[in-house]
Amino acid sequence: MRWCCGSTIKKHVYALDSEFGSSSGSPGARAGRRSSLALTPEDEPLVDVANRSPPPANIPNAMLYSPPEPLELLCVFPERASRVCAAACAAVARAGGEARSVRSARDTLEALRRDSDTKQPHVIVVDARQPQTLDAFLLARAVRGTKNTQHIILIAVVKKSVYLKDDFAVLPYLDAGYNRIMVETLSATAWCAEVLQSRAAASAARAQIAAVAALAAAADRCRDLIAVTDEQQKILLANKSWSKVLGWRVEEGPKQLSDTAGGEALRLATSGARDWEAPITLRRRTTPDPVLVPCRGAAIGLTKSTSHVVFVCEPIHALETERGRGSLHSIRRGSLDVRSVASDGLRRTSLAKLQGLPLEAPITKVISLLSTATEGAPPSTVAYIERAVDMLRTSELYSPQMRDDPKMRVEDPIATDLIGALLSREQVNTNLYFMQGPTNTLSSRRSSNDSTVVRSQTNRSNIKHKTTGQLRELLDTALSWDFEIFKLEELTRGRPLAHLGLALMAGRFDICSALECDERTLLHWLTIVETNYHAVNTYHNSTHAADVLQAVAYFLEKDRLKTVLEPLEAAAALLAAAAHDVDHPGTSSAFLCNARHPLAVLYNDVSVLESHHAALTFKLTLNDDRVNIFKNLERDTYKQVRHNVIDMILATEMTKHFEHLAKFVNVFYAKSSGSKEDNMHTDQEPLALDTTALSLPENVVLVKRMMIKCADVSNASRPQKFAFEWARRIAEEYFLQTDEEKAKDLPVVMPMFDRATCSIPRSQIGFIDYIIMDMMEAWAGFIDMPELVNHARQNHARWHELDDAGVTTLADVRRAQRHLALPAPTTTNPPTTGTTTTTTTEE
Ligand SMILES: Nc1ncnc2c1ncn2[C@@H]1O[C@@H]2COP(=O)(O)O[C@H]2[C@H]1O
């Protein structure tokens with residue numbers, strides 16, 4: 001908000017009046033001094049004092065005009081047939097108005113409340129002649145205490161004797177809130193004159209109040225901080241920005257301006273100056289540091305004396321944001337001082353250019369919306385929003401930090417270890433360690449068999465899928481949630497991926513049509529991908545890939561996804577699932593970073609494994625036409641599929657778990673008052689599914705990421721016998737990593753995963769609590785698959801029972817597994833030869 005004199009914005013430099021000369025140097029010297037508060041490069045130095053300026057513009061007459069309305073009169077006469085009352089009512093009727101009468105104070109107030117928006121009377125005539133039946137003073141005070149009654153003209157009808165009692169007999173009536181008193185009369189003429197005059201006064205009052213209300217509303221919608229005080233600097237009005245930024249409302253906060261503000265602006269305000277610009281120091285309720293901002297002020301008075309003083313201060317957050325641009329840390333809240341504001345001015349020209357660019361990050365919009373939301377909010381809400389904005393200003397929005405949950409830390413070090421290792425982007429600090437031996441292989445446990453398989457397959461023609469009757473029968477059940485994945489592993493002698501892949505991708509989803517490739521190429525692709533999984537890994541082998549593929553296929557059958565995903569997107573999801581862990585070394589990215597493995601070096605310790613899985617998938621695919629399932633796709637279509645596959649594989653990185661989950665939940669779930677079916681089962685406020693966002697492609701991306709993520713860890717949401725076997729396998733793999741870290745004197749990423757001491761049930765309880773439950777609830781709600789949550793809950797309960805029964809080690813779990821209908825757990829998977837495909841193809 002800028003002060004306007006006539007139509008021009010005032011930007012003049014005024015010389016100091018002599019009354020300030022003594023303290024601040026000579027007028028000339030003062031006039032030549034540039035203010036340290038220049039706001040923009042093009043701003044002239046700001047004024048110190050402007051005593052010679054004209055007073056601020058008065059309220060235009062048009063604002064004070066109120067169109068004539070039919071007179072509304074309310075008579076308050078306790079006597080049923082009062083002749084005085086009848087005379088007043090008759091006069092109003094003659095003047096074209098309407099009169100009503102009530103008999104008590106209660107009825108009067110009731111009428112005012114009832115008609116507050118519709119038929120507010122212009123005039124109320126109160127019979128003050130019979131204090132024993134109606135306390136006219138009390139009634140006047142009550143009327144004035146009622147909202148929106150300032151404009152009503154209150155007339156007290158008194159006996160002549162009262163009127164003539166003394167010269168000041170009217171005073172108590174005026175004090176009580178009456179505007180006029182009238183000696184009792186039955187004269188129609190007298191009453192007519194009285195009500196017409198009163199109506200004119202009421203209309204003028206109404207117009208003035210409406211004008212003030214309009215200006216107050218304008219001030220409320222202004223980003224500048226505005227306060228109006230009386231001449232003694234008692235705060236009479238503060239706009240919403242003022243209350244919001246300083247942290248209190250007029251009615252509850254300091255009454256004197258000096259309680260919350262200081263500086264030269266206040267001094268000038270009491271100096272008799274009419275209009276000034278000077279710094280003001282504002283103290284906020286929420287922060288101890290005072291803030292120094294430029295302030296423009298004006299003294300208002302219709303006569304020579306000042307009745308109101310107006311203070312208009314620059315919005316604080318605008319200044320802070322300007323200060324902070326260009327250096328992230330400086331965006332954080334802090335106090336401003338004159339020097340810093342002035343030196344900032346030097347950078348403003350380039351900032352102005354930057355601001356002129358059509359660039360705005362969504363987060364900037366969010367922060368600005370939140371700032372707007374604080375306007376008029378109670379201080380506690382403002383404090384919350386400010387904290388939230390501070391958090392939003394960090395760059396690591398989705399990086400989880402292990403909560404300082406003493407229960408978790410003390411009682412569950414195993415879960416802490418696991419979840420910390422899965423979610424943390426920090427690598428364990430490394431010792432000086434250099435990989436021994438050949439460094440061009442991924443795992444030190446097993447060499448990758450890159451590009452060795454195709455040789456054995458590619459000279460084959462007429463490829464057929466050799467399936468035994470048993471295998472065929474099993475594959476017929478490939479779309480059930482209790483699909484016997486370990487039986488498939490056994491029947492295919494460790495090659496479940498190619499069999500299941502062909503059955504699902506070609507047989508069920510016909511991705512060959514979408515990809516415009518033949519089944520043979522698809523089978524080659526599946527085979528080479530499967531061969532590049534490490535069969536010696538207990539968990540991250542091709543059985544896990546097949547399991548994830550099966551989960552994705554199962555999800556894709558759900559109506560929600562059928563309607564949302566295009567055939568090419570479904571194909572990309574199936575391919576990503578099959579390849580998402582290809583060439584997994586059986587150790588984590590953290591291990592590779594600590595070991596300074598070439599892949600960690602190649603990918604700069606960032607998303608090492610996932611980057612490798614995605615890159616190798618395309619390397620294997622594009623290296624040889626015989627496996628290149630994309631070779632017939634148009635360039636743009638290929639790009640799209642490639643982008644989809646890479647995005648989904650990268651989404652399986654657990655350090656980004658909360659990022660993907662939070663984005664998904666934020667987009668597809670809204671807080672609700674609690675509808676039954678679509679609710680996520682959280683302890684807090686229920687979330688209701690809202691799929692309207694699916695119309696935006698960027699939100700469909702979130703769905704695809706969530707789908708593969710859920711499939712990747714779906715083992716914990718499978719029926720118990722499967723969940724147990726997967727838990728055993730992952731634990732074994734973790735133990736092997738710990739063994740290897742110890743053997744190689746590497747930092748131990750998950751020290752609790754020591755085969756001698758680790759409790760498998762506890763690790764699973766932690767995994768389900770912290771990773772599985774929220775995610776599966778969100779996903780289950782989205783695709784309508786409650787069994788995901790039910791199985792996770794049942795498994796959780798069972799792990800608890802085992803924990804209570806003292807089960808800890810793998811051997812214990814094996815024993816417990818015997819009660820479940822599972823094939824006896826193997827120590828490792830059936831080995832693959834690495835150079836031939838053993839079961840999947842024939843001439
Ligand atoms: N049942 C489980 N118990 C503990 N950790 C698991 C379980 N299932 C999956 N994980 C972890 O979750 C990770 C998901 O991504 P990865 O497949 O790379 O590696 C997986 C394991 O580290």
# chains A, B, ... in the order shown; residues from 1 in each chain; ligands from 1
>>> residues_near_ligand(ligand="ligand 1", cutoff="10 Å", atoms="only C-alpha atoms and all ligand atoms", output="ChimeraX atom specification")
/A:415,418-419,421-423,539-541,544-545,548,580-581,584,586-589,609-610,651-655,657,709-717,722-731,733-734,760-768,771-772
>>> residues_around(residues="Ala95 in chain A", least_positions_apart="2", cutoff="8 Å", atoms="only C-alpha atoms", output="ChimeraX atom specification")
/A:71,91-93,97,192,196
>>> residues_around(residues="Ser243 in chain A", least_positions_apart="4", cutoff="10 Å", atoms="only C-alpha atoms", output="ChimeraX atom specification")
/A:220,225-227,237-239,247-250,253,284-285,374-379
>>> residues_around(residues="Leu523 in chain A", least_positions_apart="3", cutoff="7 Å", atoms="only C-alpha atoms", output="number ranges by chain")
A: 498, 502, 519-520, 526-527
>>> residues_around(residues="Gly262 in chain A", least_positions_apart="6", cutoff="8 Å", atoms="only C-alpha atoms", output="list in words")
Ile280, Thr281 and Leu282 of chain A
>>> write_last_selection(atoms="C-alpha atoms", output="PDB file, in the first residue's frame")
ATOM      1  CA  ILE A 280       9.906   0.991  12.755  1.00  0.00           C
ATOM      2  CA  THR A 281      10.988  -1.866  14.997  1.00  0.00           C
ATOM      3  CA  LEU A 282       8.356  -4.525  15.431  1.00  0.00           C
TER       4      LEU A 282
END
>>> residues_around(residues="range 141-152 of chain A", least_positions_apart="5", cutoff="7 Å", atoms="only C-alpha atoms", output="list in words")
Leu109, Pro121, His122, Val123, Ala176, Gly177, Ala202, Ala205 and Arg206 of chain A
>>> write_last_selection(atoms="C-alpha atoms", output="PDB file, in the first residue's frame")
ATOM      1  CA  LEU A 109     -33.031  -6.875  22.258  1.00  0.00           C
ATOM      2  CA  PRO A 121     -34.653   0.070  12.872  1.00  0.00           C
ATOM      3  CA  HIS A 122     -33.261   3.498  12.107  1.00  0.00           C
ATOM      4  CA  VAL A 123     -34.753   4.896  15.256  1.00  0.00           C
ATOM      5  CA  ALA A 176     -26.179   5.812  28.556  1.00  0.00           C
ATOM      6  CA  GLY A 177     -26.176   5.889  24.748  1.00  0.00           C
ATOM      7  CA  ALA A 202     -29.234   7.476  11.214  1.00  0.00           C
ATOM      8  CA  ALA A 205     -24.200   7.374  10.655  1.00  0.00           C
ATOM      9  CA  ARG A 206     -24.885   4.229   8.684  1.00  0.00           C
TER      10      ARG A 206
END
>>> residues_around(residues="Leu397 in chain A", least_positions_apart="6", cutoff="10 Å", atoms="only C-alpha atoms", output="mmCIF file with N, CA and C atoms, in the first residue's frame")
data_model
loop_
_atom_site.group_PDB
_atom_site.id
_atom_site.type_symbol
_atom_site.label_atom_id
_atom_site.label_comp_id
_atom_site.auth_asym_id
_atom_site.auth_seq_id
_atom_site.Cartn_x
_atom_site.Cartn_y
_atom_site.Cartn_z
ATOM 1 N N MET A 391 10.125 -26.005 7.293
ATOM 2 C CA MET A 391 10.484 -27.357 6.845
ATOM 3 C C MET A 391 10.418 -27.462 5.334
ATOM 4 N N PHE A 658 9.722 -43.239 1.618
ATOM 5 C CA PHE A 658 8.737 -42.294 2.145
ATOM 6 C C PHE A 658 8.379 -41.223 1.138
ATOM 7 N N GLU A 659 9.318 -40.913 0.290
ATOM 8 C CA GLU A 659 9.028 -39.922 -0.751
ATOM 9 C C GLU A 659 7.895 -40.428 -1.647
#
>>> atom_distance(atom1="CA of Asp769 in chain A", atom2="CA of Val703 in chain A")
22.2 Å
>>> closest_residue(among="A:Ala278, A:Ile300, A:Val749, A:Leu810", to="Glu732 in chain A", atoms="only C-alpha atoms")
A:Leu810
>>> closest_residue(among="A:Val601, A:Val291, A:Ala211, A:Leu474", to="Leu246 in chain A", atoms="only C-alpha atoms")
A:Val291
>>> atom_distance(atom1="CA of Val245 in chain A", atom2="CA of Leu266 in chain A")
18.7 Å
>>> atom_distance(atom1="CA of Cys89 in chain A", atom2="CA of Pro172 in chain A")
26.1 Å
>>> closest_residue(among="A:Leu515, A:Thr286, A:Ala188, A:Tyr603", to="Glu634 in chain A", atoms="only C-alpha atoms")
A:Leu515
>>> select_by_dssp(residues="range 575-700 of chain A", states="helix (DSSP H, G or I)", output="number ranges by chain")
A: 575-579, 589-594, 598-602, 608-623, 635-651, 654-668, 691-695, 697-700
>>> closest_residue(among="A:Thr809, A:Ser611, A:Ser161, A:Ser198", to="Ala756 in chain A", atoms="only C-alpha atoms")
A:Thr809
